[in-house]
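Note: the block below is run_30.cif and it holds mmCIF, N, CA and C atoms; chains and numbers go by the auth columns.
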data_run
#
loop_
_atom_site.group_PDB
_atom_site.id
_atom_site.type_symbol
_atom_site.label_atom_id
_atom_site.label_comp_id
_atom_site.label_asym_id
_atom_site.label_seq_id
_atom_site.Cartn_x
_atom_site.Cartn_y
_atom_site.Cartn_z
_atom_site.B_iso_or_equiv
_atom_site.auth_seq_id
_atom_site.auth_asym_id
ATOM 1 N N MET A 1 -187.960 134.029 117.584 0.00 1 A
ATOM 2 C CA MET A 1 -189.016 133.019 117.603 0.00 1 A
ATOM 3 C C MET A 1 -188.621 131.864 116.718 0.00 1 A
ATOM 4 N N SER A 2 -188.795 130.670 117.229 0.00 2 A
ATOM 5 C CA SER A 2 -188.474 129.504 116.431 0.00 2 A
ATOM 6 C C SER A 2 -189.495 129.348 115.308 0.00 2 A
ATOM 7 N N GLU A 3 -189.080 128.620 114.315 0.00 3 A
ATOM 8 C CA GLU A 3 -189.940 128.398 113.166 0.00 3 A
ATOM 9 C C GLU A 3 -191.123 127.522 113.569 0.00 3 A
ATOM 10 N N LEU A 4 -192.286 127.839 113.033 0.00 4 A
ATOM 11 C CA LEU A 4 -193.476 127.042 113.323 0.00 4 A
ATOM 12 C C LEU A 4 -193.445 125.774 112.480 0.00 4 A
ATOM 13 N N ASP A 5 -194.004 124.719 113.030 0.00 5 A
ATOM 14 C CA ASP A 5 -194.089 123.432 112.348 0.00 5 A
ATOM 15 C C ASP A 5 -195.297 123.471 111.416 0.00 5 A
ATOM 16 N N ARG A 6 -195.049 123.580 110.134 0.00 6 A
ATOM 17 C CA ARG A 6 -196.147 123.724 109.168 0.00 6 A
ATOM 18 C C ARG A 6 -196.935 122.432 108.960 0.00 6 A
ATOM 19 N N SER A 7 -196.526 121.330 109.598 0.00 7 A
ATOM 20 C CA SER A 7 -197.295 120.088 109.479 0.00 7 A
ATOM 21 C C SER A 7 -198.431 120.033 110.501 0.00 7 A
ATOM 22 N N ARG A 8 -198.426 120.977 111.443 0.00 8 A
ATOM 23 C CA ARG A 8 -199.489 121.084 112.456 0.00 8 A
ATOM 24 C C ARG A 8 -200.225 122.391 112.249 0.00 8 A
ATOM 25 N N PRO A 9 -201.486 122.477 112.665 0.00 9 A
ATOM 26 C CA PRO A 9 -202.211 123.742 112.519 0.00 9 A
ATOM 27 C C PRO A 9 -201.454 124.887 113.207 0.00 9 A
ATOM 28 N N VAL A 10 -201.155 125.913 112.439 0.00 10 A
ATOM 29 C CA VAL A 10 -200.368 127.037 112.947 0.00 10 A
ATOM 30 C C VAL A 10 -201.108 127.749 114.071 0.00 10 A
ATOM 31 N N TRP A 11 -202.421 127.932 113.916 0.00 11 A
ATOM 32 C CA TRP A 11 -203.179 128.649 114.948 0.00 11 A
ATOM 33 C C TRP A 11 -203.094 127.917 116.290 0.00 11 A
ATOM 34 N N ARG A 12 -203.063 126.586 116.229 0.00 12 A
ATOM 35 C CA ARG A 12 -202.975 125.806 117.470 0.00 12 A
ATOM 36 C C ARG A 12 -201.609 126.001 118.128 0.00 12 A
ATOM 37 N N GLN A 13 -200.552 126.049 117.322 0.00 13 A
ATOM 38 C CA GLN A 13 -199.213 126.267 117.860 0.00 13 A
ATOM 39 C C GLN A 13 -199.107 127.642 118.509 0.00 13 A
ATOM 40 N N VAL A 14 -199.700 128.655 117.862 0.00 14 A
ATOM 41 C CA VAL A 14 -199.679 130.004 118.430 0.00 14 A
ATOM 42 C C VAL A 14 -200.452 130.017 119.747 0.00 14 A
ATOM 43 N N ALA A 15 -201.593 129.331 119.792 0.00 15 A
ATOM 44 C CA ALA A 15 -202.368 129.250 121.033 0.00 15 A
ATOM 45 C C ALA A 15 -201.554 128.587 122.140 0.00 15 A
ATOM 46 N N GLU A 16 -200.804 127.533 121.796 0.00 16 A
ATOM 47 C CA GLU A 16 -199.959 126.849 122.782 0.00 16 A
ATOM 48 C C GLU A 16 -198.851 127.776 123.288 0.00 16 A
ATOM 49 N N ILE A 17 -198.271 128.541 122.389 0.00 17 A
ATOM 50 C CA ILE A 17 -197.210 129.480 122.777 0.00 17 A
ATOM 51 C C ILE A 17 -197.767 130.539 123.715 0.00 17 A
ATOM 52 N N ILE A 18 -198.949 131.061 123.398 0.00 18 A
ATOM 53 C CA ILE A 18 -199.576 132.068 124.265 0.00 18 A
ATOM 54 C C ILE A 18 -199.828 131.466 125.646 0.00 18 A
ATOM 55 N N SER A 19 -200.362 130.244 125.686 0.00 19 A
ATOM 56 C CA SER A 19 -200.629 129.583 126.970 0.00 19 A
ATOM 57 C C SER A 19 -199.352 129.402 127.780 0.00 19 A
ATOM 58 N N LYS A 20 -198.276 128.986 127.120 0.00 20 A
ATOM 59 C CA LYS A 20 -196.990 128.814 127.813 0.00 20 A
ATOM 60 C C LYS A 20 -196.481 130.146 128.355 0.00 20 A
ATOM 61 N N ARG A 21 -196.649 131.200 127.567 0.00 21 A
ATOM 62 C CA ARG A 21 -196.195 132.516 128.012 0.00 21 A
ATOM 63 C C ARG A 21 -197.001 133.023 129.207 0.00 21 A
ATOM 64 N N ILE A 22 -198.261 132.693 129.257 0.00 22 A
ATOM 65 C CA ILE A 22 -199.080 133.059 130.419 0.00 22 A
ATOM 66 C C ILE A 22 -198.590 132.276 131.632 0.00 22 A
ATOM 67 N N ALA A 23 -198.375 130.973 131.439 0.00 23 A
ATOM 68 C CA ALA A 23 -197.931 130.112 132.542 0.00 23 A
ATOM 69 C C ALA A 23 -196.555 130.494 133.079 0.00 23 A
ATOM 70 N N ASP A 24 -195.645 130.899 132.183 0.00 24 A
ATOM 71 C CA ASP A 24 -194.284 131.217 132.646 0.00 24 A
ATOM 72 C C ASP A 24 -194.110 132.671 133.075 0.00 24 A
ATOM 73 N N GLY A 25 -195.189 133.451 133.021 0.00 25 A
ATOM 74 C CA GLY A 25 -195.127 134.822 133.505 0.00 25 A
ATOM 75 C C GLY A 25 -194.709 135.856 132.475 0.00 25 A
ATOM 76 N N THR A 26 -194.490 135.441 131.233 0.00 26 A
ATOM 77 C CA THR A 26 -194.174 136.404 130.181 0.00 26 A
ATOM 78 C C THR A 26 -195.306 137.419 130.064 0.00 26 A
ATOM 79 N N TYR A 27 -196.527 136.922 130.160 0.00 27 A
ATOM 80 C CA TYR A 27 -197.712 137.786 130.208 0.00 27 A
ATOM 81 C C TYR A 27 -198.285 137.648 131.618 0.00 27 A
ATOM 82 N N PRO A 28 -197.892 138.537 132.535 0.00 28 A
ATOM 83 C CA PRO A 28 -198.353 138.426 133.919 0.00 28 A
ATOM 84 C C PRO A 28 -199.870 138.613 134.042 0.00 28 A
ATOM 85 N N ARG A 29 -200.387 138.088 135.117 0.00 29 A
ATOM 86 C CA ARG A 29 -201.817 138.214 135.406 0.00 29 A
ATOM 87 C C ARG A 29 -202.247 139.672 135.289 0.00 29 A
ATOM 88 N N GLY A 30 -203.315 139.906 134.546 0.00 30 A
ATOM 89 C CA GLY A 30 -203.851 141.245 134.372 0.00 30 A
ATOM 90 C C GLY A 30 -203.203 142.038 133.250 0.00 30 A
ATOM 91 N N SER A 31 -202.157 141.477 132.620 0.00 31 A
ATOM 92 C CA SER A 31 -201.513 142.190 131.518 0.00 31 A
ATOM 93 C C SER A 31 -202.225 141.892 130.201 0.00 31 A
ATOM 94 N N ARG A 32 -201.890 142.658 129.214 0.00 32 A
ATOM 95 C CA ARG A 32 -202.479 142.522 127.896 0.00 32 A
ATOM 96 C C ARG A 32 -201.725 141.481 127.081 0.00 32 A
ATOM 97 N N VAL A 33 -202.462 140.568 126.468 0.00 33 A
ATOM 98 C CA VAL A 33 -201.893 139.598 125.544 0.00 33 A
ATOM 99 C C VAL A 33 -201.884 140.267 124.170 0.00 33 A
ATOM 100 N N PRO A 34 -200.840 140.053 123.358 0.00 34 A
ATOM 101 C CA PRO A 34 -200.785 140.700 122.052 0.00 34 A
ATOM 102 C C PRO A 34 -202.038 140.446 121.214 0.00 34 A
ATOM 103 N N GLY A 35 -202.390 141.441 120.433 0.00 35 A
ATOM 104 C CA GLY A 35 -203.553 141.342 119.557 0.00 35 A
ATOM 105 C C GLY A 35 -203.219 140.661 118.240 0.00 35 A
ATOM 106 N N ILE A 36 -204.198 140.609 117.376 0.00 36 A
ATOM 107 C CA ILE A 36 -204.081 139.931 116.089 0.00 36 A
ATOM 108 C C ILE A 36 -202.932 140.488 115.253 0.00 36 A
ATOM 109 N N VAL A 37 -202.839 141.798 115.163 0.00 37 A
ATOM 110 C CA VAL A 37 -201.798 142.422 114.341 0.00 37 A
ATOM 111 C C VAL A 37 -200.414 142.083 114.879 0.00 37 A
ATOM 112 N N GLU A 38 -200.248 142.167 116.203 0.00 38 A
ATOM 113 C CA GLU A 38 -198.941 141.850 116.799 0.00 38 A
ATOM 114 C C GLU A 38 -198.578 140.379 116.619 0.00 38 A
ATOM 115 N N LEU A 39 -199.545 139.500 116.811 0.00 39 A
ATOM 116 C CA LEU A 39 -199.274 138.071 116.645 0.00 39 A
ATOM 117 C C LEU A 39 -198.929 137.738 115.200 0.00 39 A
ATOM 118 N N SER A 40 -199.662 138.306 114.263 0.00 40 A
ATOM 119 C CA SER A 40 -199.376 138.009 112.860 0.00 40 A
ATOM 120 C C SER A 40 -197.999 138.528 112.469 0.00 40 A
ATOM 121 N N ALA A 41 -197.603 139.673 112.995 0.00 41 A
ATOM 122 C CA ALA A 41 -196.265 140.204 112.705 0.00 41 A
ATOM 123 C C ALA A 41 -195.179 139.355 113.368 0.00 41 A
ATOM 124 N N GLU A 42 -195.376 138.988 114.623 0.00 42 A
ATOM 125 C CA GLU A 42 -194.369 138.210 115.342 0.00 42 A
ATOM 126 C C GLU A 42 -194.120 136.849 114.702 0.00 42 A
ATOM 127 N N PHE A 43 -195.194 136.177 114.312 0.00 43 A
ATOM 128 C CA PHE A 43 -195.071 134.824 113.801 0.00 43 A
ATOM 129 C C PHE A 43 -195.031 134.737 112.279 0.00 43 A
ATOM 130 N N GLY A 44 -195.223 135.873 111.607 0.00 44 A
ATOM 131 C CA GLY A 44 -195.205 135.871 110.146 0.00 44 A
ATOM 132 C C GLY A 44 -196.359 135.096 109.552 0.00 44 A
ATOM 133 N N ILE A 45 -197.537 135.270 110.157 0.00 45 A
ATOM 134 C CA ILE A 45 -198.727 134.542 109.701 0.00 45 A
ATOM 135 C C ILE A 45 -199.819 135.537 109.322 0.00 45 A
ATOM 136 N N ALA A 46 -200.805 135.061 108.614 0.00 46 A
ATOM 137 C CA ALA A 46 -201.929 135.903 108.222 0.00 46 A
ATOM 138 C C ALA A 46 -202.752 136.275 109.444 0.00 46 A
ATOM 139 N N ALA A 47 -203.354 137.461 109.397 0.00 47 A
ATOM 140 C CA ALA A 47 -204.189 137.917 110.503 0.00 47 A
ATOM 141 C C ALA A 47 -205.336 136.935 110.758 0.00 47 A
ATOM 142 N N SER A 48 -205.884 136.352 109.701 0.00 48 A
ATOM 143 C CA SER A 48 -206.978 135.394 109.881 0.00 48 A
ATOM 144 C C SER A 48 -206.522 134.149 110.634 0.00 48 A
ATOM 145 N N THR A 49 -205.271 133.743 110.445 0.00 49 A
ATOM 146 C CA THR A 49 -204.716 132.601 111.190 0.00 49 A
ATOM 147 C C THR A 49 -204.508 132.992 112.653 0.00 49 A
ATOM 148 N N ALA A 50 -203.954 134.169 112.871 0.00 50 A
ATOM 149 C CA ALA A 50 -203.730 134.644 114.243 0.00 50 A
ATOM 150 C C ALA A 50 -205.047 134.792 114.987 0.00 50 A
ATOM 151 N N GLN A 51 -206.088 135.151 114.279 0.00 51 A
ATOM 152 C CA GLN A 51 -207.397 135.346 114.901 0.00 51 A
ATOM 153 C C GLN A 51 -207.957 134.035 115.450 0.00 51 A
ATOM 154 N N GLU A 52 -207.585 132.917 114.860 0.00 52 A
ATOM 155 C CA GLU A 52 -208.073 131.624 115.324 0.00 52 A
ATOM 156 C C GLU A 52 -207.412 131.180 116.636 0.00 52 A
ATOM 157 N N ALA A 53 -206.222 131.664 116.921 0.00 53 A
ATOM 158 C CA ALA A 53 -205.443 131.206 118.085 0.00 53 A
ATOM 159 C C ALA A 53 -206.155 131.359 119.417 0.00 53 A
ATOM 160 N N PRO A 54 -206.775 132.503 119.697 0.00 54 A
ATOM 161 C CA PRO A 54 -207.366 132.644 121.036 0.00 54 A
ATOM 162 C C PRO A 54 -208.682 131.906 121.232 0.00 54 A
ATOM 163 N N ARG A 55 -209.183 131.262 120.235 0.00 55 A
ATOM 164 C CA ARG A 55 -210.513 130.624 120.356 0.00 55 A
ATOM 165 C C ARG A 55 -210.489 129.361 121.142 0.00 55 A
#
Full structure transcribed into structure tokens:
Amino acid sequence: MSELDRSRPVWRQVAEIISKRIADGTYPRGSRVPGIVELSAEFGIAASTAQEAPR
């Protein structure tokens, strides 16, 4: 995973990445999108930050 741009809201960047992954088929229709714990581990962010991404 590339480094996140800390000059922009991290939760927004994670939300954009999730959206791109849905669009490109990484997360196929009907599949499970990673939860808070998985997102925080993957991106090295706090769970509270990861929780904001899907909103």
Give as a list in words the residues that the PyMOL selection byres (((chain A and resi 48-53 and name CA) around 9) and name CA) matches when applied to the coordinates above.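 Applied to this file, the PyMOL selection byres (((chain A and resi 48-53 and name CA) around 9) and name CA) returns Val10, Trp11, Arg12, Gln13, Val14, Ala15, Glu16, Ile18, Gly35, Ile36, Val37, Leu39, Ser40, Phe43, Ile45, Ala46, Ala47, Pro54 and Arg55 of chain A.
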What is the atom N of Arg6 (chain A) to atom N of Tyr27 (chain A) distance in Å?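 Atom N of Tyr27 (chain A) lies at a distance of 24.1 Å from atom N of Arg6 (chain A).
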Could you please determine the separation between atom N of Asp5 (chain A) and CA of Gly30 (chain A) in Å, to one decimal place?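 Separation between atom N of Asp5 (chain A) and CA of Gly30 (chain A): 28.7 Å.
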With DSSP run on the backbone, what are the alpha helix (DSSP H) residues within chain A? I'd like them as a ChimeraX atom specification. /A:10-23,36-43,47-52
Between CA of Val33 (chain A) and atom N of Arg8 (chain A), measure the distance and give it in Å to one decimal. 23.6 Å
Please produce region 11-28 of chain A, completed to N, CA, C and O atoms, as a compact mmCIF listing (two decimals), in the frame of the given file.
# COMPACT_ATOMS: atom_id res chain seq x y z
N TRP A 11 -202.42 127.93 113.92
CA TRP A 11 -203.18 128.65 114.95
C TRP A 11 -203.09 127.92 116.29
O TRP A 11 -203.01 128.53 117.33
N ARG A 12 -203.06 126.59 116.23
CA ARG A 12 -202.98 125.81 117.47
C ARG A 12 -201.61 126.00 118.13
O ARG A 12 -201.50 126.12 119.35
N GLN A 13 -200.55 126.05 117.32
CA GLN A 13 -199.21 126.27 117.86
C GLN A 13 -199.11 127.64 118.51
O GLN A 13 -198.51 127.79 119.58
N VAL A 14 -199.70 128.66 117.86
CA VAL A 14 -199.68 130.00 118.43
C VAL A 14 -200.45 130.02 119.75
O VAL A 14 -200.00 130.61 120.73
N ALA A 15 -201.59 129.33 119.79
CA ALA A 15 -202.37 129.25 121.03
C ALA A 15 -201.55 128.59 122.14
O ALA A 15 -201.57 129.03 123.29
N GLU A 16 -200.80 127.53 121.80
CA GLU A 16 -199.96 126.85 122.78
C GLU A 16 -198.85 127.78 123.29
O GLU A 16 -198.54 127.79 124.48
N ILE A 17 -198.27 128.54 122.39
CA ILE A 17 -197.21 129.48 122.78
C ILE A 17 -197.77 130.54 123.72
O ILE A 17 -197.15 130.87 124.73
N ILE A 18 -198.95 131.06 123.40
CA ILE A 18 -199.58 132.07 124.26
C ILE A 18 -199.83 131.47 125.65
O ILE A 18 -199.54 132.09 126.67
N SER A 19 -200.36 130.24 125.69
CA SER A 19 -200.63 129.58 126.97
C SER A 19 -199.35 129.40 127.78
O SER A 19 -199.33 129.64 129.00
N LYS A 20 -198.28 128.99 127.12
CA LYS A 20 -196.99 128.81 127.81
C LYS A 20 -196.48 130.15 128.35
O LYS A 20 -195.95 130.21 129.46
N ARG A 21 -196.65 131.20 127.57
CA ARG A 21 -196.20 132.52 128.01
C ARG A 21 -197.00 133.02 129.21
O ARG A 21 -196.46 133.69 130.08
N ILE A 22 -198.26 132.69 129.26
CA ILE A 22 -199.08 133.06 130.42
C ILE A 22 -198.59 132.28 131.63
O ILE A 22 -198.39 132.83 132.71
N ALA A 23 -198.38 130.97 131.44
CA ALA A 23 -197.93 130.11 132.54
C ALA A 23 -196.56 130.49 133.08
O ALA A 23 -196.32 130.44 134.29
N ASP A 24 -195.64 130.90 132.18
CA ASP A 24 -194.28 131.22 132.65
C ASP A 24 -194.11 132.67 133.07
O ASP A 24 -193.02 133.08 133.46
N GLY A 25 -195.19 133.45 133.02
CA GLY A 25 -195.13 134.82 133.50
C GLY A 25 -194.71 135.86 132.48
O GLY A 25 -194.59 137.04 132.79
N THR A 26 -194.49 135.44 131.23
CA THR A 26 -194.17 136.40 130.18
C THR A 26 -195.31 137.42 130.06
O THR A 26 -195.06 138.61 129.88
N TYR A 27 -196.53 136.92 130.16
CA TYR A 27 -197.71 137.79 130.21
C TYR A 27 -198.28 137.65 131.62
O TYR A 27 -199.05 136.74 131.90
N PRO A 28 -197.89 138.54 132.54
CA PRO A 28 -198.35 138.43 133.92
C PRO A 28 -199.87 138.61 134.04
O PRO A 28 -200.50 139.23 133.18
